[in-house]
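Enquirer: Dropping in data.txt, which is compact mmCIF, C-alpha atoms:
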```
# COMPACT_ATOMS: atom_id res chain seq x y z
CA MET A 1 22.37 -20.60 -16.49
CA GLY A 2 19.14 -19.76 -18.27
CA TYR A 3 16.40 -17.19 -18.55
CA ASP A 4 13.52 -17.21 -16.05
CA ASP A 5 10.86 -14.83 -14.69
CA ARG A 6 13.55 -12.89 -12.79
CA THR A 7 15.52 -12.08 -15.94
CA SER A 8 15.30 -8.42 -16.93
CA PHE A 9 14.11 -8.51 -20.52
CA PRO A 10 14.47 -6.34 -22.55
CA GLY A 11 17.84 -5.49 -21.08
CA LEU A 12 21.40 -6.78 -21.30
CA ALA A 13 20.00 -10.31 -21.40
CA ALA A 14 18.56 -9.51 -24.85
CA ALA A 15 22.09 -9.04 -26.22
CA VAL A 16 22.71 -12.81 -26.27
CA PRO A 17 19.98 -13.81 -28.77
CA VAL A 18 20.42 -10.57 -30.77
CA LEU A 19 24.19 -11.00 -31.16
CA GLY A 20 23.74 -14.70 -31.88
CA THR A 21 21.27 -13.91 -34.67
CA MET A 22 23.65 -11.30 -36.12
CA ALA A 23 26.47 -13.84 -36.10
CA VAL A 24 24.34 -16.37 -38.00
CA ILE A 25 23.39 -13.74 -40.61
CA LEU A 26 26.99 -12.57 -41.06
CA ALA A 27 28.25 -16.13 -41.36
CA GLY A 28 26.01 -16.79 -44.35
CA ARG A 29 26.08 -20.29 -45.79
CA THR A 30 29.06 -22.07 -44.28
CA SER A 31 30.84 -25.23 -45.39
CA GLY A 32 33.17 -27.78 -43.89
CA PRO A 33 32.84 -30.59 -41.35
CA LEU A 34 31.41 -28.29 -38.64
CA SER A 35 28.87 -26.63 -40.92
CA LEU A 36 25.23 -27.02 -40.03
CA HIS A 37 23.99 -26.60 -43.60
CA ARG A 38 23.00 -30.29 -43.82
CA LEU A 39 20.72 -29.78 -40.82
CA VAL A 40 19.45 -26.44 -42.10
CA ASP A 41 18.58 -27.99 -45.47
CA VAL A 42 16.20 -30.51 -43.89
CA PRO A 43 12.69 -29.72 -45.29
CA ALA A 44 11.13 -29.56 -41.82
CA ILE A 45 13.70 -26.96 -40.73
CA GLN A 46 13.15 -24.97 -43.92
CA TRP A 47 9.38 -25.03 -43.36
CA THR A 48 9.78 -23.89 -39.75
CA GLY A 49 11.95 -21.03 -40.91
CA ALA A 50 9.38 -20.02 -43.50
CA VAL A 51 6.56 -19.79 -40.92
CA SER A 52 8.75 -18.50 -38.07
CA TYR A 53 7.48 -14.94 -38.24
CA SER A 54 3.90 -16.18 -38.37
CA LEU A 55 4.64 -18.34 -35.32
CA TYR A 56 6.09 -15.31 -33.56
CA LEU A 57 2.80 -13.48 -34.15
CA TRP A 58 0.63 -16.39 -33.00
CA HIS A 59 2.48 -17.83 -30.01
CA TRP A 60 1.48 -15.09 -27.54
CA PRO A 61 -2.29 -14.99 -28.20
CA VAL A 62 -2.41 -18.80 -28.07
CA LEU A 63 -0.67 -18.79 -24.67
CA ALA A 64 -2.64 -15.78 -23.35
CA PHE A 65 -6.02 -17.28 -24.22
CA PHE A 66 -5.05 -20.61 -22.65
CA ILE A 67 -4.16 -18.89 -19.36
CA LEU A 68 -7.25 -16.67 -19.51
CA ILE A 69 -9.62 -19.59 -20.08
CA GLY A 70 -7.87 -22.17 -17.92
CA GLY A 71 -6.66 -19.85 -15.17
CA ASN A 72 -3.28 -21.61 -14.88
CA GLU A 73 0.13 -21.68 -16.52
CA PRO A 74 0.52 -24.61 -18.94
CA GLY A 75 2.35 -27.74 -17.85
CA PRO A 76 4.90 -29.64 -20.03
CA LEU A 77 2.32 -31.62 -22.02
CA GLU A 78 0.05 -28.62 -22.39
CA SER A 79 3.01 -26.55 -23.62
CA VAL A 80 3.65 -29.12 -26.35
CA GLY A 81 0.00 -28.95 -27.34
CA LEU A 82 0.07 -25.14 -27.42
CA LEU A 83 3.20 -25.24 -29.60
CA GLY A 84 1.38 -27.53 -32.02
CA LEU A 85 -1.63 -25.21 -32.03
CA GLY A 86 0.64 -22.21 -32.64
CA LEU A 87 2.35 -23.98 -35.55
CA LEU A 88 -1.02 -24.87 -37.05
CA ALA A 89 -2.21 -21.26 -36.80
CA ALA A 90 1.11 -20.03 -38.25
CA TRP A 91 0.84 -22.41 -41.19
CA GLY A 92 -2.75 -21.31 -41.87
CA SER A 93 -2.02 -17.57 -41.82
CA HIS A 94 1.19 -18.04 -43.84
CA ARG A 95 -0.50 -20.23 -46.44
CA PHE A 96 -3.84 -18.47 -46.84
CA VAL A 97 -3.16 -14.85 -45.85
CA GLU A 98 0.48 -13.78 -46.02
CA THR A 99 1.59 -15.63 -49.17
CA PRO A 100 -1.48 -14.64 -51.26
CA ALA A 101 -1.11 -11.04 -50.08
CA ARG A 102 2.55 -10.92 -51.12
CA HIS A 103 1.76 -12.31 -54.58
CA TRP A 104 -1.42 -10.36 -55.28
CA ARG A 105 -0.71 -8.96 -58.76
CA PRO A 106 -2.22 -5.46 -58.43
CA VAL A 107 0.23 -4.83 -55.61
CA ALA A 108 3.16 -7.15 -56.41
CA ASN A 109 3.64 -5.67 -59.90
CA SER A 110 3.72 -2.02 -58.78
CA THR A 111 6.10 -0.52 -56.24
CA PRO A 112 3.94 2.61 -55.64
CA ARG A 113 0.84 0.48 -55.11
CA ALA A 114 2.80 -1.84 -52.81
CA LEU A 115 3.97 1.13 -50.72
CA ALA A 116 0.45 2.56 -50.64
CA ALA A 117 -1.01 -0.79 -49.56
CA GLY A 118 1.60 -1.03 -46.82
CA ALA A 119 0.80 2.47 -45.61
CA VAL A 120 -2.95 1.75 -45.56
CA ALA A 121 -2.38 -1.52 -43.69
CA THR A 122 -0.20 0.29 -41.15
CA VAL A 123 -2.79 3.00 -40.58
CA LEU A 124 -5.61 0.47 -40.22
CA THR A 125 -3.56 -1.60 -37.78
CA ALA A 126 -2.79 1.48 -35.69
CA ALA A 127 -6.47 2.49 -35.73
CA PHE A 128 -7.60 -0.97 -34.65
CA ALA A 129 -5.11 -0.78 -31.78
CA VAL A 130 -5.74 2.83 -30.71
CA VAL A 131 -9.53 3.10 -30.93
CA PRO A 132 -10.31 0.25 -28.47
CA THR A 133 -7.57 1.53 -26.16
CA VAL A 134 -9.06 5.03 -26.10
CA GLY A 135 -12.51 3.59 -25.50
CA GLN A 136 -11.23 1.39 -22.69
CA ARG A 137 -9.53 4.35 -21.06
CA GLN A 138 -12.78 6.28 -21.12
CA VAL A 139 -14.61 3.35 -19.54
CA ALA A 140 -11.86 2.98 -16.92
CA ALA A 141 -11.99 6.71 -16.12
CA ALA A 142 -15.76 6.52 -15.61
CA GLN A 143 -15.37 3.47 -13.36
CA GLU A 144 -12.65 5.21 -11.33
CA LYS A 145 -14.92 8.21 -10.81
CA ALA A 146 -17.85 6.01 -9.76
CA ALA A 147 -15.62 3.98 -7.43
CA THR A 148 -14.19 7.09 -5.77
CA SER A 149 -17.70 8.45 -5.23
CA LEU A 150 -18.92 5.13 -3.82
CA ILE A 151 -16.05 4.86 -1.31
CA ALA A 152 -16.48 8.47 -0.24
CA GLU A 153 -20.23 8.13 0.36
CA ARG A 154 -20.35 4.49 1.55
CA PRO A 155 -24.09 3.74 1.34
CA ALA A 156 -25.86 1.78 4.06
CA GLY A 157 -25.05 -1.89 3.55
CA PHE A 158 -21.62 -1.17 2.06
CA GLY A 159 -19.42 -4.27 2.16
CA ALA A 160 -19.85 -6.72 5.04
CA ALA A 161 -22.96 -4.90 6.26
CA SER A 162 -24.85 -6.70 3.45
CA ILE A 163 -23.60 -10.22 4.15
CA ASP A 164 -26.68 -11.28 6.14
CA THR A 165 -28.76 -10.96 2.99
CA GLY A 166 -25.94 -11.89 0.64
CA ALA A 167 -26.75 -8.85 -1.47
CA ALA A 168 -24.12 -8.09 -4.08
CA PHE A 169 -25.10 -4.42 -4.20
CA ALA A 170 -26.09 -2.07 -1.40
CA SER A 171 -27.82 0.48 -3.62
CA ALA A 172 -28.79 1.22 -7.21
CA ASN A 173 -25.15 2.03 -7.87
CA ARG A 174 -23.73 -1.20 -9.32
CA GLN A 175 -20.11 -0.11 -9.24
CA ILE A 176 -17.77 -2.66 -7.65
CA VAL A 177 -14.79 -1.59 -5.51
CA PRO A 178 -11.95 -2.14 -5.73
CA LEU A 179 -12.06 -2.33 -9.52
CA PRO A 180 -11.24 -5.94 -10.48
CA ALA A 181 -8.36 -4.72 -12.66
CA GLU A 182 -6.85 -2.93 -9.64
CA ALA A 183 -7.74 -5.43 -6.91
CA ALA A 184 -4.24 -6.94 -6.70
CA ALA A 185 -2.94 -3.66 -5.27
CA ASP A 186 -5.72 -3.40 -2.64
CA LYS A 187 -3.57 -4.67 0.22
CA PRO A 188 -1.70 -3.30 3.26
CA GLU A 189 1.36 -1.21 2.44
CA LEU A 190 3.64 -2.33 5.25
CA GLY A 191 6.84 -2.41 3.19
CA ARG A 192 9.86 -3.76 5.06
CA CYS A 193 7.61 -4.83 7.96
CA VAL A 194 6.56 -7.94 6.01
CA GLY A 195 9.35 -10.45 5.42
CA GLU A 196 9.72 -12.49 2.26
CA PRO A 197 9.42 -16.32 2.31
CA ALA A 198 13.15 -16.95 1.86
CA ASP A 199 14.28 -14.40 4.49
CA ALA A 200 16.12 -15.93 7.45
CA THR A 201 14.34 -13.72 10.01
CA THR A 202 10.97 -12.09 10.54
CA PRO A 203 11.06 -8.27 10.79
CA GLU A 204 9.86 -6.57 13.97
CA CYS A 205 7.99 -3.26 13.64
CA GLU A 206 6.12 -1.02 16.07
CA PHE A 207 3.18 1.27 15.38
CA GLY A 208 1.32 3.65 17.62
CA PRO A 209 2.16 5.83 20.60
CA ALA A 210 5.27 5.25 22.71
CA GLY A 211 4.53 4.11 26.24
CA ALA A 212 1.00 2.91 25.47
CA ARG A 213 -0.80 1.12 28.29
CA PHE A 214 -1.67 -1.81 26.03
CA THR A 215 0.50 -3.52 23.42
CA ILE A 216 -0.79 -6.17 21.04
CA ALA A 217 1.36 -8.22 18.65
CA LEU A 218 0.14 -9.22 15.19
CA VAL A 219 1.97 -12.41 14.20
CA GLY A 220 1.84 -14.74 11.21
CA ASP A 221 1.92 -15.00 7.43
CA SER A 222 0.13 -13.04 4.69
CA HIS A 223 -3.23 -14.13 6.11
CA ALA A 224 -2.28 -12.28 9.29
CA VAL A 225 -1.16 -9.29 7.22
CA GLN A 226 -4.62 -8.99 5.67
CA TRP A 227 -6.11 -8.23 9.14
CA TRP A 228 -3.98 -5.10 9.49
CA LYS A 229 -6.71 -2.93 7.99
CA ALA A 230 -9.07 -4.05 10.76
CA LEU A 231 -6.63 -3.94 13.68
CA GLU A 232 -4.89 -0.63 12.94
CA PRO A 233 -7.96 1.66 13.23
CA VAL A 234 -9.09 -0.12 16.41
CA ALA A 235 -5.63 0.28 17.95
CA ALA A 236 -5.49 3.94 16.90
CA ASP A 237 -8.90 4.59 18.43
CA HIS A 238 -7.88 3.05 21.78
CA GLY A 239 -4.29 4.32 21.85
CA TRP A 240 -2.66 0.88 21.64
CA THR A 241 0.80 0.00 20.38
CA ILE A 242 0.94 -2.69 17.68
CA VAL A 243 4.08 -4.81 17.31
CA THR A 244 4.21 -6.86 14.11
CA TYR A 245 6.05 -10.07 13.26
CA LEU A 246 4.90 -10.82 9.73
CA LYS A 247 6.48 -13.04 7.10
CA ASN A 248 4.83 -14.19 3.88
CA SER A 249 4.30 -17.97 3.60
CA CYS A 250 5.30 -18.50 7.24
CA ALA A 251 2.35 -19.16 9.55
CA PHE A 252 3.30 -18.94 13.25
CA THR A 253 3.73 -22.66 13.89
CA ALA A 254 6.54 -25.01 14.79
CA ALA A 255 5.41 -27.37 12.01
CA VAL A 256 7.54 -27.59 8.88
CA ARG A 257 6.01 -26.54 5.56
CA THR A 258 6.76 -28.73 2.57
CA GLY A 259 8.11 -25.61 0.86
CA GLN A 260 10.85 -25.44 3.50
CA GLN A 261 11.83 -29.04 2.80
CA GLU A 262 12.10 -28.10 -0.86
CA GLY A 263 14.32 -25.11 -0.04
CA LYS A 264 11.82 -22.51 -1.27
CA ILE A 265 11.06 -20.85 2.07
CA ASP A 266 12.68 -20.45 5.50
CA CYS A 267 10.17 -20.45 8.36
CA VAL A 268 11.16 -22.68 11.27
CA GLY A 269 14.17 -20.71 12.49
CA ALA A 270 12.41 -17.38 11.93
CA ASN A 271 9.34 -18.54 13.88
CA GLU A 272 11.45 -19.80 16.78
CA ALA A 273 13.21 -16.44 16.93
CA THR A 274 9.85 -14.62 16.87
CA LEU A 275 8.58 -16.73 19.77
CA GLU A 276 11.68 -15.90 21.82
CA ARG A 277 11.36 -12.18 21.07
CA LEU A 278 7.71 -12.19 22.12
CA LEU A 279 8.64 -13.85 25.40
CA ARG A 280 11.67 -11.62 26.07
CA ARG A 281 10.21 -8.20 25.30
CA GLY A 282 8.21 -7.97 28.49
CA ASP A 283 5.69 -5.47 27.10
CA ILE A 284 3.47 -7.71 24.96
CA ASP A 285 0.02 -7.88 26.55
CA ALA A 286 -1.62 -10.09 23.92
CA VAL A 287 -0.86 -11.85 20.64
CA LEU A 288 -3.21 -11.84 17.65
CA THR A 289 -2.38 -14.43 15.00
CA ALA A 290 -3.76 -15.87 11.76
CA GLY A 291 -2.43 -18.22 9.09
CA TRP A 292 -3.28 -19.67 5.71
CA THR A 293 -4.81 -23.08 6.34
CA GLY A 294 -4.43 -24.01 2.67
CA ALA A 295 -0.66 -24.35 3.05
CA ALA A 296 0.91 -27.82 2.85
CA PHE A 297 2.88 -29.07 5.86
CA HIS A 298 5.25 -31.97 6.43
CA ASP A 299 3.94 -32.48 9.98
CA ASP A 300 0.90 -31.42 12.00
CA PRO A 301 0.44 -27.62 11.92
CA ALA A 302 -2.20 -27.79 14.68
CA ALA A 303 0.28 -29.34 17.10
CA GLY A 304 2.83 -26.77 15.94
CA VAL A 305 0.65 -23.75 16.71
CA ALA A 306 -0.55 -25.27 19.97
CA ALA A 307 3.07 -25.69 21.10
CA TYR A 308 3.81 -22.00 20.48
CA TRP A 309 0.53 -20.84 21.98
CA THR A 310 1.15 -22.90 25.13
CA ARG A 311 4.56 -21.25 25.61
CA LEU A 312 2.96 -17.81 25.37
CA GLU A 313 -0.03 -18.63 27.57
CA ASP A 314 2.26 -20.16 30.21
CA ALA A 315 4.20 -16.87 30.19
CA GLY A 316 0.99 -14.95 30.87
CA ILE A 317 0.54 -13.65 27.30
CA PRO A 318 -2.97 -14.42 26.03
CA VAL A 319 -3.25 -15.55 22.41
CA TYR A 320 -6.19 -14.84 20.10
CA ALA A 321 -6.29 -16.87 16.89
CA ILE A 322 -8.38 -15.74 13.92
CA ARG A 323 -10.15 -18.45 11.97
CA ASP A 324 -8.90 -18.41 8.38
CA THR A 325 -10.85 -16.66 5.66
CA PRO A 326 -12.80 -18.69 3.06
CA ARG A 327 -11.27 -19.81 -0.22
CA PRO A 328 -12.95 -18.73 -3.46
CA GLY A 329 -13.29 -21.11 -6.39
CA ARG A 330 -10.02 -22.32 -7.90
CA ASP A 331 -10.99 -22.51 -11.56
CA GLN A 332 -10.59 -18.75 -11.95
CA ARG A 333 -9.54 -15.93 -9.64
CA ALA A 334 -12.59 -14.21 -8.19
CA ARG A 335 -11.53 -10.79 -9.47
CA ASP A 336 -11.18 -12.17 -13.03
CA CYS A 337 -14.52 -13.94 -12.78
CA VAL A 338 -16.21 -10.74 -11.59
CA ALA A 339 -14.67 -8.79 -14.46
CA ALA A 340 -15.85 -11.41 -16.96
CA HIS A 341 -19.34 -11.93 -15.49
CA PRO A 342 -20.48 -8.65 -13.88
CA ARG A 343 -24.14 -9.65 -14.27
CA GLN A 344 -23.69 -13.27 -13.14
CA LEU A 345 -21.79 -12.77 -9.90
CA ASP A 346 -23.12 -16.00 -8.37
CA ARG A 347 -20.77 -17.81 -10.76
CA CYS A 348 -17.84 -16.23 -8.92
CA GLY A 349 -18.72 -17.29 -5.36
CA GLN A 350 -18.19 -20.60 -3.59
CA ASP A 351 -20.32 -23.02 -1.60
CA ARG A 352 -19.57 -22.48 2.08
CA ALA A 353 -18.60 -26.11 2.67
CA LYS A 354 -16.01 -25.98 -0.12
CA ALA A 355 -14.76 -22.54 0.91
CA PHE A 356 -13.80 -23.90 4.33
CA GLU A 357 -12.87 -27.47 3.42
CA GLU A 358 -9.20 -26.80 4.25
CA ASP A 359 -10.03 -24.77 7.37
CA ALA A 360 -8.87 -27.08 10.14
CA TRP A 361 -5.60 -26.57 11.91
CA ILE A 362 -6.27 -23.23 13.64
CA ALA A 363 -9.45 -24.59 15.23
CA ASP A 364 -7.69 -27.89 15.96
CA GLY A 365 -4.83 -25.98 17.59
CA GLN A 366 -7.32 -24.13 19.78
CA ARG A 367 -8.77 -27.46 20.92
CA LEU A 368 -5.26 -28.60 21.86
CA GLU A 369 -4.67 -25.32 23.74
CA PRO A 370 -8.15 -24.28 24.97
CA ARG A 371 -6.84 -21.19 26.77
CA VAL A 372 -6.49 -19.53 23.37
CA GLY A 373 -9.40 -17.37 22.25
CA LEU A 374 -10.78 -18.07 18.77
CA LEU A 375 -12.08 -15.17 16.68
CA ASP A 376 -14.42 -16.45 13.98
CA PHE A 377 -15.53 -14.00 11.26
CA SER A 378 -16.80 -16.63 8.82
CA ASP A 379 -20.34 -15.24 9.18
CA ARG A 380 -19.06 -11.89 7.84
CA PHE A 381 -17.83 -13.52 4.63
CA CYS A 382 -20.53 -16.10 3.99
CA THR A 383 -24.25 -16.69 4.33
CA ALA A 384 -25.46 -19.99 5.74
CA ASP A 385 -24.49 -21.86 2.58
CA PHE A 386 -22.64 -19.54 0.18
CA CYS A 387 -19.58 -17.28 0.16
CA PRO A 388 -20.08 -14.53 -2.46
CA ALA A 389 -17.29 -12.80 -4.35
CA VAL A 390 -19.03 -9.40 -4.16
CA VAL A 391 -20.88 -8.17 -1.06
CA GLY A 392 -22.45 -4.73 -0.76
CA ASN A 393 -20.61 -3.40 -3.84
CA VAL A 394 -17.25 -4.62 -2.48
CA LEU A 395 -15.04 -7.22 -4.15
CA VAL A 396 -14.17 -9.65 -1.35
CA TYR A 397 -10.95 -11.11 -2.81
CA ARG A 398 -7.92 -9.37 -4.23
CA ASP A 399 -6.24 -12.55 -5.53
CA ALA A 400 -6.45 -16.33 -5.27
CA HIS A 401 -7.21 -16.39 -1.52
CA HIS A 402 -6.45 -13.02 0.12
CA ILE A 403 -9.18 -10.60 1.17
CA SER A 404 -9.19 -7.09 -0.28
CA ASP A 405 -8.32 -4.21 2.05
CA THR A 406 -11.59 -2.52 1.12
CA TYR A 407 -13.64 -5.46 2.35
CA ILE A 408 -11.55 -5.88 5.53
CA SER A 409 -12.13 -2.19 6.26
CA THR A 410 -15.90 -2.81 6.32
CA LEU A 411 -15.34 -5.37 9.10
CA VAL A 412 -13.83 -2.87 11.56
CA PRO A 413 -16.99 -2.44 13.75
CA VAL A 414 -17.58 -6.19 14.19
CA PHE A 415 -13.83 -6.84 14.52
CA GLU A 416 -13.65 -4.29 17.35
CA ARG A 417 -16.65 -5.78 19.16
CA ARG A 418 -15.41 -9.36 19.00
CA LEU A 419 -11.85 -8.48 19.92
CA ALA A 420 -13.19 -6.42 22.86
CA ASP A 421 -15.20 -9.44 24.01
CA VAL A 422 -12.15 -11.71 24.28
CA LEU A 423 -10.05 -8.96 25.86
CA HIS A 424 -12.83 -8.39 28.38
CA ALA A 425 -12.88 -12.11 29.18
CA ASP A 426 -9.18 -11.90 30.02
CA GLY A 427 -9.59 -8.84 32.24
CA PHE A 428 -8.14 -6.19 29.92
CA ASP A 429 -11.08 -3.75 30.36
CA ASP A 430 -9.09 -0.97 32.01
CA LYS A 431 -5.70 -1.52 30.39
CA ALA A 432 -7.03 -1.84 26.84
CA GLY A 433 -9.91 0.59 27.34
CA VAL A 434 -12.53 -1.83 26.02
```
Can the structure from this file be put into structure tokens for me?
Expert:
Amino acid sequence: MGYDDRTSFPGLAAAVPVLGTMAVILAGRTSGPLSLHRLVDVPAIQWTGAVSYSLYLWHWPVLAFFILIGGNEPGPLESVGLLGLGLLAAWGSHRFVETPARHWRPVANSTPRALAAGAVATVLTAAFAVVPTVGQRQVAAAQEKAATSLIAERPAGFGAASIDTGAAFASANRQIVPLPAEAAADKPELGRCVGEPADATTPECEFGPAGARFTIALVGDSHAVQWWKALEPVAADHGWTIVTYLKNSCAFTAAVRTGQQEGKIDCVGANEATLERLLRRGDIDAVLTAGWTGAAFHDDPAAGVAAYWTRLEDAGIPVYAIRDTPRPGRDQRARDCVAAHPRQLDRCGQDRAKAFEEDAWIADGQRLEPRVGLLDFSDRFCTADFCPAVVGNVLVYRDAHHISDTYISTLVPVFERRLADVLHADGFDDKAGV
């Protein structure tokens, strides 16, 4: 048993190292055959102990800057290198800053002066910490106010309405929404209606009026979840019922993800159960589905989705598949890039060809099962050759590859038109009210 990212710390878990340290201190210098004093007396161990507090101070900034610059957690070899860098920084500060400060005669030879120097250092440290924090809060408050005003007024060209020109800003107001620092939370709040990767089943939820004339099912993984903000207002406007079968990391396919083989996720059984529920319910008029095409599979995901889609189409339930959204650059999350380069936003976008280089199996599945309608919104995310990170004042991505709710909400008009077109083609004009 060890500590990992699920360990609550501080908490009871902190008692183990704290009590262990206390035991070492209370034991003092031991003797006898089981004593570790021979190991402790090794010069390298003594040196490490001398710089240990300095290392404690340096280890976090070294790690934080590595992740900030590189955009990824360090691997084993990189961790060794970062440890060496931390030890070097600890030695330097211990040798050239801490030790001279402790032995500086005007302070070392006078207790009052030593206490005064400590008090001054404490006050300066607090000031250096507090002043930037207060300033940052003021900047954040101003940005929040500007963002709230922008969303309330929504200028012409807000969000996807500016994609044809690729304009980052729709007006003189250069505020970006959602704020990059808050983008991670800009997602659908569906709670228990979205299953976790390791869950054995996919939750079933219903939204909208009881007894609606038209019922549409939204099925798939987190890339289906991100279309909720477009589907829900359309369904509300037309009086539809939405039934959801959503499970993170589990695209609606019979294919096996490599993560399932590794025991990290559980999709196959959950997807089979979802298919059976869709077929048994008797009230599902159409299925809308999307999936992350960047996921790794053990077998062919296109054949897997086509198999499911064929079962539904044969049962008289039309399927509409949404082409996956583009991937931003992988060197740095788009929201972090935008925060770091607010005046060089082109650095944060992606060439269209690269953004869709993994976009294959949904379109391939539709070719295997041509009865399925394909909804393609790639032209609402990208120009002819580039996929920007900010369009019409709106940050497109909330994380490594999911679209922000704010941007999806600007797609509602075009989403409604294109969904109405495929529903019309399947004769749902009267039932769906399109």
Enquirer: Figure out the distance between atom CA of A:Leu87 and atom CA of A:Leu55, please, to one decimal in Å.
Expert: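 Atom CA of A:Leu55 sits 6.1 Å away from atom CA of A:Leu87.
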Enquirer: Between A:Arg367, A:Arg398, A:Arg257, A:Lys354, which one has atoms that come closest to A:Cys337, using all atoms listed in the file?
Expert: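 Checking each of A:Arg367, A:Arg398, A:Arg257, A:Lys354 against A:Cys337, counting all atoms listed in the file, the winner is A:Arg398.
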Enquirer: Could you pull the residues within 9 Å of A:Ile362, counting all atoms listed in the file, minus those fewer than 2 positions along the same chain, as a PyMOL selection string?
Expert: chain A and resi 290-291+293+301-302+305-306+321-324+359-360+364-367+374
Enquirer: Atom CA of A:Thr7 and atom CA of A:Gln261 are how many Å apart?
Expert: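 Atom CA of A:Thr7 sits 25.5 Å away from atom CA of A:Gln261.
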Enquirer: Hey, can you check how far atom CA of A:Val80 sits from atom CA of A:Ile25?
Expert: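 Pair atom CA of A:Val80 / atom CA of A:Ile25 returns 28.8 Å.
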Enquirer: For A:Val390, which residue among A:Gln260, A:Gln226, A:Ser378, A:Gln175 is the nearest when counting all atoms listed in the file?
Expert: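 Using all atoms listed in the file, the shortest distance to A:Val390 belongs to A:Gln175.
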Enquirer: Would you kindly return, as a count of residues only, each protein, DNA or RNA residue with an atom no farther than 9 Å from any atom of stretch 219-221 of chain A, considering only C-alpha atoms and excluding same-chain residues fewer than 2 positions away?
Expert: 25
